[in-house]
file query23.cif (mmCIF, C-alpha atoms)
data_model
loop_
_atom_site.label_atom_id
_atom_site.label_comp_id
_atom_site.auth_asym_id
_atom_site.auth_seq_id
_atom_site.Cartn_x
_atom_site.Cartn_y
_atom_site.Cartn_z
CA MET O 1 -31.30 -18.43 0.43
CA LYS O 2 -31.27 -21.51 -1.78
CA THR O 3 -27.85 -22.63 -2.93
CA ASP O 4 -29.09 -23.01 -6.51
CA GLU O 5 -30.24 -19.39 -6.57
CA LEU O 6 -26.85 -18.27 -5.34
CA ILE O 7 -25.13 -20.30 -8.07
CA GLU O 8 -27.41 -18.81 -10.75
CA MET O 9 -26.61 -15.34 -9.48
CA LEU O 10 -22.86 -15.95 -9.45
CA GLY O 11 -22.97 -17.34 -12.97
CA THR O 12 -25.01 -14.50 -14.46
CA ASN O 13 -23.00 -12.29 -16.82
CA LEU O 14 -19.78 -14.08 -16.03
CA GLU O 15 -16.65 -12.08 -16.76
CA PRO O 16 -13.57 -13.87 -18.10
CA VAL O 17 -10.51 -13.76 -15.83
CA LYS O 18 -7.13 -12.64 -17.14
CA ALA O 19 -4.26 -14.93 -16.20
CA GLY O 20 -1.34 -13.60 -14.16
CA GLN O 21 -3.19 -10.64 -12.62
CA LEU O 22 -2.24 -11.54 -9.07
CA ARG O 23 1.43 -11.98 -9.90
CA SER O 24 1.60 -8.58 -11.59
CA THR O 25 -0.23 -6.96 -8.66
CA LEU O 26 2.44 -8.36 -6.33
CA MET O 27 5.26 -7.25 -8.62
CA ILE O 28 3.83 -3.74 -8.84
CA ALA O 29 3.48 -3.61 -5.06
CA LEU O 30 7.08 -4.76 -4.71
CA ALA O 31 8.29 -2.11 -7.18
CA ILE O 32 6.28 0.69 -5.55
CA GLY O 33 7.35 -0.41 -2.07
CA SER O 34 11.02 -0.49 -3.09
CA ALA O 35 10.86 2.89 -4.80
CA ALA O 36 9.05 4.44 -1.84
CA VAL O 37 11.52 3.11 0.72
CA LEU O 38 14.44 4.38 -1.39
CA CYS O 39 12.83 7.83 -1.46
CA LEU O 40 12.22 7.70 2.28
CA ALA O 41 15.85 6.81 2.99
CA PHE O 42 16.93 9.59 0.63
CA ALA O 43 14.68 12.07 2.45
CA VAL O 44 16.03 11.03 5.86
CA PHE O 45 19.75 10.77 5.07
CA GLY O 46 20.14 12.96 1.98
CA ALA O 47 22.16 11.90 -1.04
CA PRO O 48 24.53 9.02 -0.30
CA ALA O 49 27.69 11.02 -0.89
CA ASP O 50 30.14 8.14 -0.76
CA ALA O 51 27.69 5.64 -2.18
CA LEU O 52 29.99 4.09 -4.70
CA ARG O 53 33.33 5.26 -3.46
CA GLY O 54 35.69 4.29 -0.71
CA GLY O 55 37.84 1.25 -0.17
CA HIS O 56 35.17 -0.88 1.49
CA LEU O 57 32.87 -1.15 -1.48
CA GLY O 58 33.00 -4.94 -1.20
CA LEU O 59 31.56 -4.89 2.30
CA LYS O 60 28.75 -2.60 1.24
CA MET O 61 27.99 -4.85 -1.72
CA LEU O 62 27.87 -7.80 0.66
CA ALA O 63 25.28 -6.06 2.85
CA LEU O 64 23.24 -5.26 -0.26
CA ALA O 65 23.56 -8.80 -1.63
CA PHE O 66 22.38 -10.24 1.69
CA THR O 67 19.36 -7.95 2.02
CA LEU O 68 18.34 -8.02 -1.64
CA GLY O 69 18.79 -11.80 -1.74
CA LEU O 70 16.42 -12.12 1.20
CA ALA O 71 13.93 -9.80 -0.49
CA ALA O 72 14.05 -11.80 -3.74
CA ALA O 73 13.65 -15.19 -2.03
CA GLY O 74 10.79 -13.85 0.09
CA ALA O 75 9.08 -12.27 -2.91
CA SER O 76 9.17 -15.54 -4.85
CA PHE O 77 7.55 -17.22 -1.86
CA LEU O 78 4.83 -14.53 -1.68
CA ALA O 79 3.81 -15.13 -5.29
CA ARG O 80 2.76 -18.63 -4.23
CA ALA O 81 1.57 -17.79 -0.71
CA ALA O 82 -0.95 -15.29 -2.10
CA ARG O 83 -2.92 -18.22 -3.54
CA PRO O 84 -4.76 -20.96 -1.63
CA GLY O 85 -2.78 -24.08 -0.88
CA GLU O 86 0.63 -25.17 0.35
CA PRO O 87 3.46 -23.01 -0.98
CA GLY O 88 6.67 -24.91 -1.66
CA ARG O 89 9.54 -24.81 0.82
CA MET O 90 12.27 -23.87 -1.63
CA PRO O 91 12.29 -20.10 -0.95
CA LEU O 92 12.19 -20.73 2.81
CA ILE O 93 15.25 -22.97 2.54
CA LEU O 94 16.95 -20.24 0.51
CA ILE O 95 16.15 -17.66 3.20
CA GLY O 96 17.55 -19.97 5.87
CA LEU O 97 20.72 -20.49 3.84
CA LEU O 98 21.25 -16.76 3.40
CA PHE O 99 21.05 -16.26 7.16
CA LEU O 100 23.35 -19.21 7.72
CA CYS O 101 25.91 -17.78 5.28
CA ILE O 102 25.96 -14.32 6.85
CA VAL O 103 26.24 -15.75 10.38
CA ALA O 104 29.05 -18.10 9.28
CA ALA O 105 30.89 -15.24 7.55
CA ALA O 106 30.41 -13.05 10.61
CA GLY O 107 31.80 -15.80 12.86
CA LEU O 108 34.82 -16.24 10.63
CA GLU O 109 35.44 -12.50 10.53
CA LEU O 110 35.29 -12.26 14.34
CA ILE O 111 37.64 -15.21 14.81
CA LEU O 112 40.18 -13.70 12.42
CA ALA O 113 39.93 -10.24 14.00
CA PRO O 114 42.14 -9.27 16.95
CA PRO O 115 40.20 -9.90 20.17
CA ALA O 116 40.29 -6.24 21.20
CA ALA O 117 38.53 -5.19 17.99
CA ARG O 118 35.67 -7.69 18.22
CA ALA O 119 33.33 -5.71 20.44
CA GLY O 120 33.82 -2.67 18.24
CA MET O 121 32.86 -4.67 15.15
CA LEU O 122 29.68 -6.02 16.70
CA PHE O 123 28.60 -2.79 18.38
CA GLY O 124 29.82 -0.41 15.71
CA PRO O 125 28.71 3.20 15.58
CA GLN O 126 24.98 3.71 15.22
CA TRP O 127 23.79 0.19 15.86
CA ALA O 128 20.72 1.81 17.41
CA ALA O 129 20.05 3.59 14.10
CA CYS O 130 19.74 0.17 12.42
CA LEU O 131 17.39 -1.05 15.08
CA ILE O 132 15.11 1.96 14.67
CA CYS O 133 15.43 2.77 10.96
CA ILE O 134 15.09 -0.71 9.46
CA PRO O 135 11.70 -1.57 11.00
CA LEU O 136 10.44 1.97 10.29
CA PHE O 137 11.55 1.79 6.66
CA ALA O 138 10.15 -1.74 6.44
CA ALA O 139 6.62 -0.52 7.13
CA VAL O 140 6.46 1.07 3.66
CA PRO O 141 7.06 -2.03 1.46
CA PHE O 142 5.26 -4.19 4.03
CA GLY O 143 2.12 -2.08 3.62
CA ALA O 144 2.30 -2.34 -0.17
CA LEU O 145 2.75 -6.11 -0.02
CA ILE O 146 -0.15 -6.59 2.42
CA PHE O 147 -2.33 -4.55 0.08
CA ALA O 148 -1.38 -6.86 -2.81
CA LEU O 149 -1.81 -10.04 -0.74
CA ARG O 150 -5.32 -8.96 0.18
CA LYS O 151 -6.16 -9.09 -3.54
CA GLY O 152 -5.31 -12.77 -3.42
CA ALA O 153 -6.51 -15.53 -1.12
CA PRO O 154 -3.70 -16.60 1.20
CA THR O 155 -4.66 -19.55 3.41
CA GLY O 156 -1.62 -19.48 5.72
CA LEU O 157 -2.06 -15.97 7.11
CA MET O 158 0.68 -16.00 9.72
CA ARG O 159 3.16 -17.42 7.22
CA ALA O 160 2.21 -14.92 4.49
CA GLY O 161 2.38 -12.03 6.98
CA ALA O 162 5.78 -13.16 8.26
CA ILE O 163 7.25 -13.36 4.77
CA ALA O 164 5.77 -9.97 3.86
CA GLY O 165 7.44 -8.63 7.02
CA LEU O 166 10.72 -10.25 6.06
CA VAL O 167 10.65 -8.80 2.54
CA GLY O 168 9.72 -5.40 3.98
CA GLY O 169 12.55 -5.63 6.51
CA ALA O 170 15.05 -6.74 3.88
CA LEU O 171 14.12 -3.86 1.55
CA GLY O 172 14.25 -1.43 4.47
CA ALA O 173 17.71 -2.73 5.37
CA ALA O 174 18.86 -2.46 1.74
CA ALA O 175 17.72 1.16 1.55
CA PHE O 176 19.51 1.80 4.84
CA ALA O 177 22.68 0.05 3.68
CA ILE O 178 23.03 2.37 0.69
CA HIS O 179 23.47 5.30 3.04
CA ARG O 180 25.92 3.62 5.40
CA SER O 181 29.65 3.57 5.12
CA ALA O 182 30.86 -0.01 4.97
CA ASP O 183 29.92 -2.10 8.01
CA PRO O 184 31.78 -5.22 9.13
CA VAL O 185 30.03 -8.49 8.25
CA ALA O 186 29.44 -9.21 11.94
CA PHE O 187 27.66 -5.88 12.27
CA VAL O 188 25.51 -6.63 9.22
CA ALA O 189 24.59 -10.07 10.55
CA LEU O 190 23.55 -8.72 13.93
CA TRP O 191 22.10 -5.28 13.23
CA TYR O 192 20.66 -5.89 9.78
CA GLY O 193 19.73 -9.55 10.23
CA GLY O 194 18.25 -8.98 13.70
CA PRO O 195 15.84 -6.17 12.73
CA ILE O 196 14.82 -8.13 9.60
CA VAL O 197 13.90 -11.11 11.79
CA LEU O 198 12.03 -8.73 14.08
CA CYS O 199 10.06 -7.43 11.08
CA ALA O 200 9.21 -11.00 10.09
CA ILE O 201 7.93 -11.72 13.60
CA ILE O 202 5.80 -8.56 13.65
CA GLY O 203 4.50 -9.43 10.17
CA GLY O 204 3.59 -12.91 11.37
CA ILE O 205 1.65 -11.48 14.30
CA LEU O 206 -0.17 -8.96 12.11
CA GLY O 207 -0.82 -11.42 9.26
CA PRO O 208 -3.99 -13.08 10.60
CA ARG O 209 -5.51 -9.66 11.36
CA LEU O 210 -4.56 -7.92 8.13
CA LEU O 211 -5.03 -10.75 5.65
CA ARG O 212 -8.20 -12.44 6.85
CA TRP O 213 -10.85 -12.93 4.18
CA MET R 1 -15.84 -42.40 -10.40
CA ASP R 2 -12.17 -42.23 -9.58
CA MET R 3 -10.60 -39.08 -8.24
CA ARG R 4 -8.43 -38.47 -11.26
CA SER R 5 -11.29 -38.22 -13.72
CA VAL R 6 -13.25 -36.03 -11.28
CA GLU R 7 -10.21 -33.76 -11.02
CA THR R 8 -9.95 -33.56 -14.81
CA GLU R 9 -13.64 -32.79 -15.25
CA LEU R 10 -13.71 -30.13 -12.54
CA ARG R 11 -10.52 -28.56 -13.82
CA ASN R 12 -11.87 -28.37 -17.38
CA LEU R 13 -15.05 -26.71 -16.12
CA MET R 14 -12.96 -24.27 -14.08
CA LEU R 15 -10.76 -23.40 -17.05
CA ALA R 16 -13.79 -22.84 -19.28
CA GLY R 17 -15.39 -20.70 -16.56
CA LEU R 18 -12.23 -18.59 -16.26
CA ASP R 19 -12.44 -17.97 -20.00
CA GLY R 20 -15.97 -16.66 -19.52
CA ASP R 21 -18.12 -19.76 -20.19
CA ALA R 22 -21.06 -19.14 -17.84
CA ALA R 23 -22.68 -22.56 -18.37
CA ALA R 24 -19.45 -24.32 -17.42
CA HIS R 25 -19.05 -22.09 -14.39
CA ILE R 26 -22.59 -22.77 -13.18
CA SER R 27 -22.21 -26.49 -13.68
CA LEU R 28 -18.87 -26.38 -11.80
CA LEU R 29 -20.45 -24.54 -8.85
CA ARG R 30 -23.38 -27.02 -8.81
CA ARG R 31 -21.07 -30.00 -8.64
CA LEU R 32 -18.84 -28.33 -6.08
CA SER R 33 -21.83 -27.49 -3.90
CA ALA R 34 -22.58 -31.22 -3.54
CA TYR R 35 -18.97 -32.10 -2.73
CA LEU R 36 -18.67 -29.21 -0.30
CA ARG R 37 -21.92 -30.17 1.43
CA GLY R 38 -20.63 -33.71 1.94
CA TYR R 39 -17.28 -32.42 3.18
CA PHE R 40 -18.66 -29.83 5.60
CA LYS R 41 -21.35 -32.13 6.99
CA GLY R 42 -18.69 -34.72 7.73
CA GLN R 43 -16.37 -32.17 9.33
CA LEU R 44 -19.10 -30.43 11.34
CA ALA R 45 -20.49 -33.72 12.62
CA ARG R 46 -17.41 -33.92 14.84
CA SER R 47 -17.99 -30.49 16.37
CA GLY R 48 -21.75 -30.83 16.71
CA GLY R 49 -22.69 -28.55 13.80
CA SER R 50 -26.13 -28.74 12.18
CA PRO R 51 -27.01 -29.26 8.48
CA ALA R 52 -27.93 -25.56 8.40
CA ASP R 53 -24.38 -24.69 9.48
CA ALA R 54 -23.09 -26.86 6.65
CA GLU R 55 -25.32 -25.12 4.11
CA ASP R 56 -24.15 -21.69 5.32
CA LEU R 57 -20.59 -22.85 4.83
CA VAL R 58 -21.33 -24.27 1.38
CA GLN R 59 -22.68 -20.91 0.23
CA GLU R 60 -19.88 -18.93 1.83
CA THR R 61 -17.35 -21.17 0.13
CA LEU R 62 -19.09 -20.91 -3.25
CA ILE R 63 -18.93 -17.12 -3.01
CA ALA R 64 -15.25 -17.36 -2.05
CA ILE R 65 -14.53 -19.70 -4.96
CA HIS R 66 -16.29 -17.35 -7.33
CA THR R 67 -14.80 -14.07 -6.11
CA ARG R 68 -11.28 -15.49 -5.66
CA ARG R 69 -11.17 -17.60 -8.81
CA ASP R 70 -8.44 -15.33 -10.19
CA THR R 71 -6.15 -16.97 -7.59
CA TYR R 72 -6.37 -20.33 -9.37
CA ASP R 73 -3.20 -20.98 -11.35
CA ARG R 74 -4.28 -22.54 -14.65
CA SER R 75 -1.21 -24.77 -14.75
CA GLU R 76 -1.92 -26.44 -11.41
CA LEU R 77 -4.31 -29.14 -10.15
CA PHE R 78 -7.77 -27.99 -9.20
CA THR R 79 -8.50 -30.23 -6.18
CA PRO R 80 -5.75 -28.84 -3.88
CA TRP R 81 -6.92 -25.30 -4.63
CA LEU R 82 -10.53 -26.20 -3.86
CA HIS R 83 -9.52 -28.08 -0.72
CA ALA R 84 -7.40 -25.19 0.56
CA ILE R 85 -10.32 -22.76 0.21
CA ALA R 86 -12.87 -25.15 1.75
CA ARG R 87 -10.56 -25.90 4.67
CA TYR R 88 -9.77 -22.21 5.20
CA ARG R 89 -13.48 -21.36 5.28
CA LEU R 90 -14.15 -24.26 7.68
CA ILE R 91 -11.40 -23.20 10.11
CA ASP R 92 -12.52 -19.57 9.92
CA TYR R 93 -16.09 -20.68 10.59
CA LEU R 94 -15.12 -22.77 13.61
CA ARG R 95 -12.95 -19.98 15.04
CA ARG R 96 -15.62 -17.33 14.90
CA GLY R 97 -18.35 -19.69 16.13
CA LYS R 98 -19.51 -20.25 19.67
CA THR R 99 -17.35 -23.32 20.06
CA ALA R 100 -13.79 -22.60 21.20
CA ALA R 101 -11.16 -22.30 18.46
CA ARG R 102 -10.46 -25.75 17.18
CA GLU R 103 -7.88 -27.10 14.85
CA VAL R 104 -8.95 -29.26 11.93
CA PRO R 105 -6.74 -32.33 11.61
CA SER R 106 -4.64 -32.30 8.45
CA GLU R 107 -5.93 -34.38 5.59
CA GLU R 108 -5.38 -35.17 1.93
CA ALA R 109 -6.77 -32.68 -0.60
CA GLU R 110 -8.95 -35.46 -2.11
CA GLU R 111 -10.93 -35.50 1.15
CA VAL R 112 -12.93 -32.57 -0.19
CA LEU R 113 -14.28 -34.77 -3.01
CA ALA R 114 -14.95 -37.84 -0.87
CA ASN R 115 -18.68 -37.29 -0.32
CA ASP R 116 -21.25 -36.11 -2.79
CA ASP R 117 -24.35 -34.77 -1.04
CA THR R 118 -27.10 -33.18 -3.12
CA ALA R 119 -29.64 -32.75 -0.32
CA ALA R 120 -29.63 -28.94 -0.41
CA ILE R 121 -31.59 -27.07 2.21
CA GLU R 122 -32.09 -23.34 2.49
CA SER R 123 -29.28 -21.54 4.26
CA ARG R 124 -29.82 -18.87 6.87
CA LEU R 125 -28.17 -16.33 4.62
CA ASP R 126 -30.54 -13.57 3.69
CA LEU R 127 -29.18 -12.12 0.47
CA ALA R 128 -31.50 -9.11 0.46
CA LYS R 129 -30.45 -8.20 4.00
CA LEU R 130 -26.75 -8.62 3.26
CA MET R 131 -27.08 -6.58 0.07
CA GLY R 132 -28.55 -3.78 2.16
CA ARG R 133 -25.19 -3.39 3.88
CA LEU R 134 -23.21 -2.88 0.67
CA SER R 135 -22.42 0.56 -0.69
CA PRO R 136 -25.28 1.86 -2.89
CA LYS R 137 -23.05 1.73 -5.96
CA ALA R 138 -22.06 -1.91 -5.44
CA ARG R 139 -25.62 -2.90 -4.53
CA GLN R 140 -27.03 -1.37 -7.68
CA ALA R 141 -24.34 -2.91 -9.86
CA ILE R 142 -24.98 -6.40 -8.44
CA GLU R 143 -28.74 -5.98 -8.74
CA PHE R 144 -28.50 -4.95 -12.39
CA VAL R 145 -25.85 -7.36 -13.59
CA LYS R 146 -26.10 -10.39 -11.32
CA LEU R 147 -29.75 -10.48 -10.27
CA ASN R 148 -31.65 -8.86 -13.15
CA GLY R 149 -29.26 -10.17 -15.78
CA LEU R 150 -28.69 -6.86 -17.54
CA SER R 151 -25.53 -6.72 -19.63
CA VAL R 152 -22.69 -4.60 -18.30
CA ASN R 153 -23.34 -1.99 -21.00
CA GLU R 154 -27.05 -1.78 -20.18
CA ALA R 155 -26.26 -1.50 -16.48
CA ALA R 156 -23.72 1.21 -17.26
CA ALA R 157 -26.28 3.17 -19.30
CA ARG R 158 -28.88 2.95 -16.54
CA SER R 159 -26.61 3.80 -13.64
CA GLY R 160 -24.53 6.44 -15.38
CA MET R 161 -21.32 4.62 -14.56
CA SER R 162 -18.75 3.52 -17.14
CA PRO R 163 -18.86 -0.19 -18.10
CA SER R 164 -15.53 -0.84 -16.42
CA ALA R 165 -16.73 0.91 -13.24
CA VAL R 166 -19.76 -1.41 -13.27
CA LYS R 167 -17.52 -4.47 -13.54
CA VAL R 168 -15.31 -3.25 -10.70
CA SER R 169 -18.37 -2.49 -8.55
CA VAL R 170 -19.78 -5.98 -9.11
CA HIS R 171 -16.46 -7.61 -8.26
CA ARG R 172 -15.85 -5.49 -5.15
CA GLY R 173 -19.47 -5.90 -4.11
CA LEU R 174 -19.31 -9.68 -4.26
CA ARG R 175 -16.08 -9.70 -2.29
CA ALA R 176 -17.61 -7.39 0.31
CA LEU R 177 -20.61 -9.70 0.41
CA SER R 178 -18.43 -12.68 1.23
CA LEU R 179 -16.85 -10.67 4.08
CA LEU R 180 -20.33 -9.78 5.38
CA VAL R 181 -21.30 -13.44 5.26
CA GLY R 182 -18.24 -14.17 7.37
CA GLN R 183 -19.04 -11.50 9.97
CA ARG R 184 -22.65 -12.54 10.28
CA SER R 185 -22.18 -15.55 12.50
CA GLY R 186 -19.32 -13.87 14.36
CA SER R 187 -21.51 -11.20 15.91
#

call {"tool": "encode", "arguments": {"input": "query23.cif", "output": "structure tokens"}}
result
Amino acid sequence: MKTDELIEMLGTNLEPVKAGQLRSTLMIALAIGSAAVLCLAFAVFGAPADALRGGHLGLKMLALAFTLGLAAAGASFLARAARPGEPGRMPLILIGLLFLCIVAAAGLELILAPPAARAGMLFGPQWAACLICIPLFAAVPFGALIFALRKGAPTGLMRAGAIAGLVGGALGAAAFAIHRSADPVAFVALWYGGPIVLCAIIGGILGPRLLRW
Amino acid sequence: MDMRSVETELRNLMLAGLDGDAAAHISLLRRLSAYLRGYFKGQLARSGGSPADAEDLVQETLIAIHTRRDTYDRSELFTPWLHAIARYRLIDYLRRGKTAAREVPSEEAEEVLANDDTAAIESRLDLAKLMGRLSPKARQAIEFVKLNGLSVNEAAARSGMSPSAVKVSVHRGLRALSLLVGQRSGS
């Protein structure tokens, strides 16, 4: 085929392109993924009876702030990573800072706690539930985000996949956190943070396969 | 011509093309084909690629630029966007080729505009053959609208699809085509 013929063909009956399509596709995917993972958590655990009650509301809010903060920073990175070129580092720095904060807070909490209580805080009840539920929940928003990213043209596939995994994991953890009674910060850092990192690693491995174009 | 004025010219053509100006879009793709040819020939020379390989890559990249042009952010520079796509297609091409996976050294985005090569040859892409592997709906839509130059409404009337379904079929078909182009040298 001659290159000129190809160009003629591509230019025939050219359709105008609406601005901001890709961004809204990503936002819709994020909204659908979040709603779906909330429904899934609701179906698994039932209504969160003590959702907004109890004396440890602050701790629960902290877990939600950590996970939703990660999801927001990751999502703002995805909006750029869905397009060709180098995405900025700002959201990545933000993600790193959030992890740093939760680990520092967890360390402080452990130091201040009586030594006998420390193991109980780290390996609280149902740590295994976190490890299983968060990655499973994460698959739902992750799938939606991959679908949206495929509409774009990411050029760093591993990076885009990893961030999609992180956002998925963070949303999964947030949905999980709603149904948990308050967890110590150390528990959140280890058993929420850990599975979220795991999701990011799996996303990074899957990225080049799922996002190739 | 200095890089800055080339960037401005290409960007203006791109913006006009995004707004639906077909002449601007065609003239953009023509100019890009020369830059891409120069870029790919230079890059492939190091891995022992032939001019025919370069032409395949030029066409693949033009299809990618066309079908993914909605990923260009109107507020940003054009050259980095172009360079990212060209480089992505080059790396993908090298990875699926016979030569072992090879990294392309990092470079400035302007590298993609460094050489202007208008010596087009025919690529090994066979459009008719590739079209044969599309879904019948997409094939017909592309034939009507992109090859025979029928308007979307005429194509809709002839095929019995709605005008918006025709547009979607053309878009999906071209994207599928660019994937087929990619698979071709992999198998």

call {"tool": "atom_distance", "arguments": {"input": "query23.cif", "atom1": "atom CA of Met3 of chain R", "atom2": "atom CA of Leu18 of chain R"}}
result
22.1 Å

call {"tool": "residues_near_point", "arguments": {"input": "query23.cif", "point": "(1.3, -17.8, 5.3)", "cutoff": "9 Å", "atoms": "all atoms listed in the file", "output": "list of chain:residue names"}}
result
O:Leu78, O:Ala81, O:Ala82, O:Glu86, O:Pro87, O:Pro154, O:Thr155, O:Gly156, O:Leu157, O:Met158, O:Arg159, O:Ala160, O:Gly161, O:Ala162, O:Ile163, O:Gly204, O:Gly207, O:Pro208

call {"tool": "interface_residues", "arguments": {"input": "query23.cif", "of": "chain O", "to": "chain R", "cutoff": "6 Å", "atoms": "all atoms listed in the file", "output": "PyMOL selection string"}}
result
chain O and resi 1-2+9+11-12+14-17+83-85+152

call {"tool": "resolve_selection", "arguments": {"input": "query23.cif", "expression": "the PyMOL selection byres ((chain R and resi 133) around 12)", "output": "list in words"}}
result
Asp126, Leu127, Ala128, Lys129, Leu130, Met131, Gly132, Leu134, Ser135, Pro136, Lys137, Ala138, Arg139, Gln140, Gly173, Leu174, Ala176, Leu177, Ser178, Leu179, Leu180, Val181, Gln183 and Arg184 of chain R

call {"tool": "resolve_selection", "arguments": {"input": "query23.cif", "expression": "the PyMOL selection byres ((chain O and resi 148) around 12)", "output": "ChimeraX atom specification"}}
result
/O:21-33,75,78-79,81-83,141-147,149-154,160-161,164,210-211

call {"tool": "closest_residue", "arguments": {"input": "query23.cif", "among": "O:Ala41, O:Leu62, O:Leu198, O:Ala186", "to": "Ala119 of chain O", "atoms": "all atoms listed in the file"}}
result
O:Ala186

call {"tool": "atom_distance", "arguments": {"input": "query23.cif", "atom1": "atom CA of Ala104 of chain O", "atom2": "atom CA of Met61 of chain O"}}
result
17.3 Å

call {"tool": "closest_residue", "arguments": {"input": "query23.cif", "among": "O:Leu68, O:Ala117, O:Met90, O:Ala43", "to": "Gly169 of chain O", "atoms": "all atoms listed in the file"}}
result
O:Leu68

call {"tool": "atom_distance", "arguments": {"input": "query23.cif", "atom1": "atom CA of Ala200 of chain O", "atom2": "atom CA of Leu166 of chain O"}}
result
4.4 Å

call {"tool": "residues_around", "arguments": {"input": "query23.cif", "residues": "Ile178 of chain O", "least_positions_apart": "2", "cutoff": "12 Å", "atoms": "all atoms listed in the file", "output": "ChimeraX atom specification"}}
result
/O:37-39,41-42,45-53,57,59-65,67-68,171-176,180-183

call {"tool": "resolve_selection", "arguments": {"input": "query23.cif", "expression": "the PyMOL selection byres ((chain O and resi 126) around 12)", "output": "ChimeraX atom specification"}}
result
/O:120-125,127-133,176,180-181,183,187-188,191-192

call {"tool": "closest_residue", "arguments": {"input": "query23.cif", "among": "R:Ser75, R:Ser106, R:Asn153, R:Thr61", "to": "Asn12 of chain R", "atoms": "all atoms listed in the file"}}
result
R:Ser75
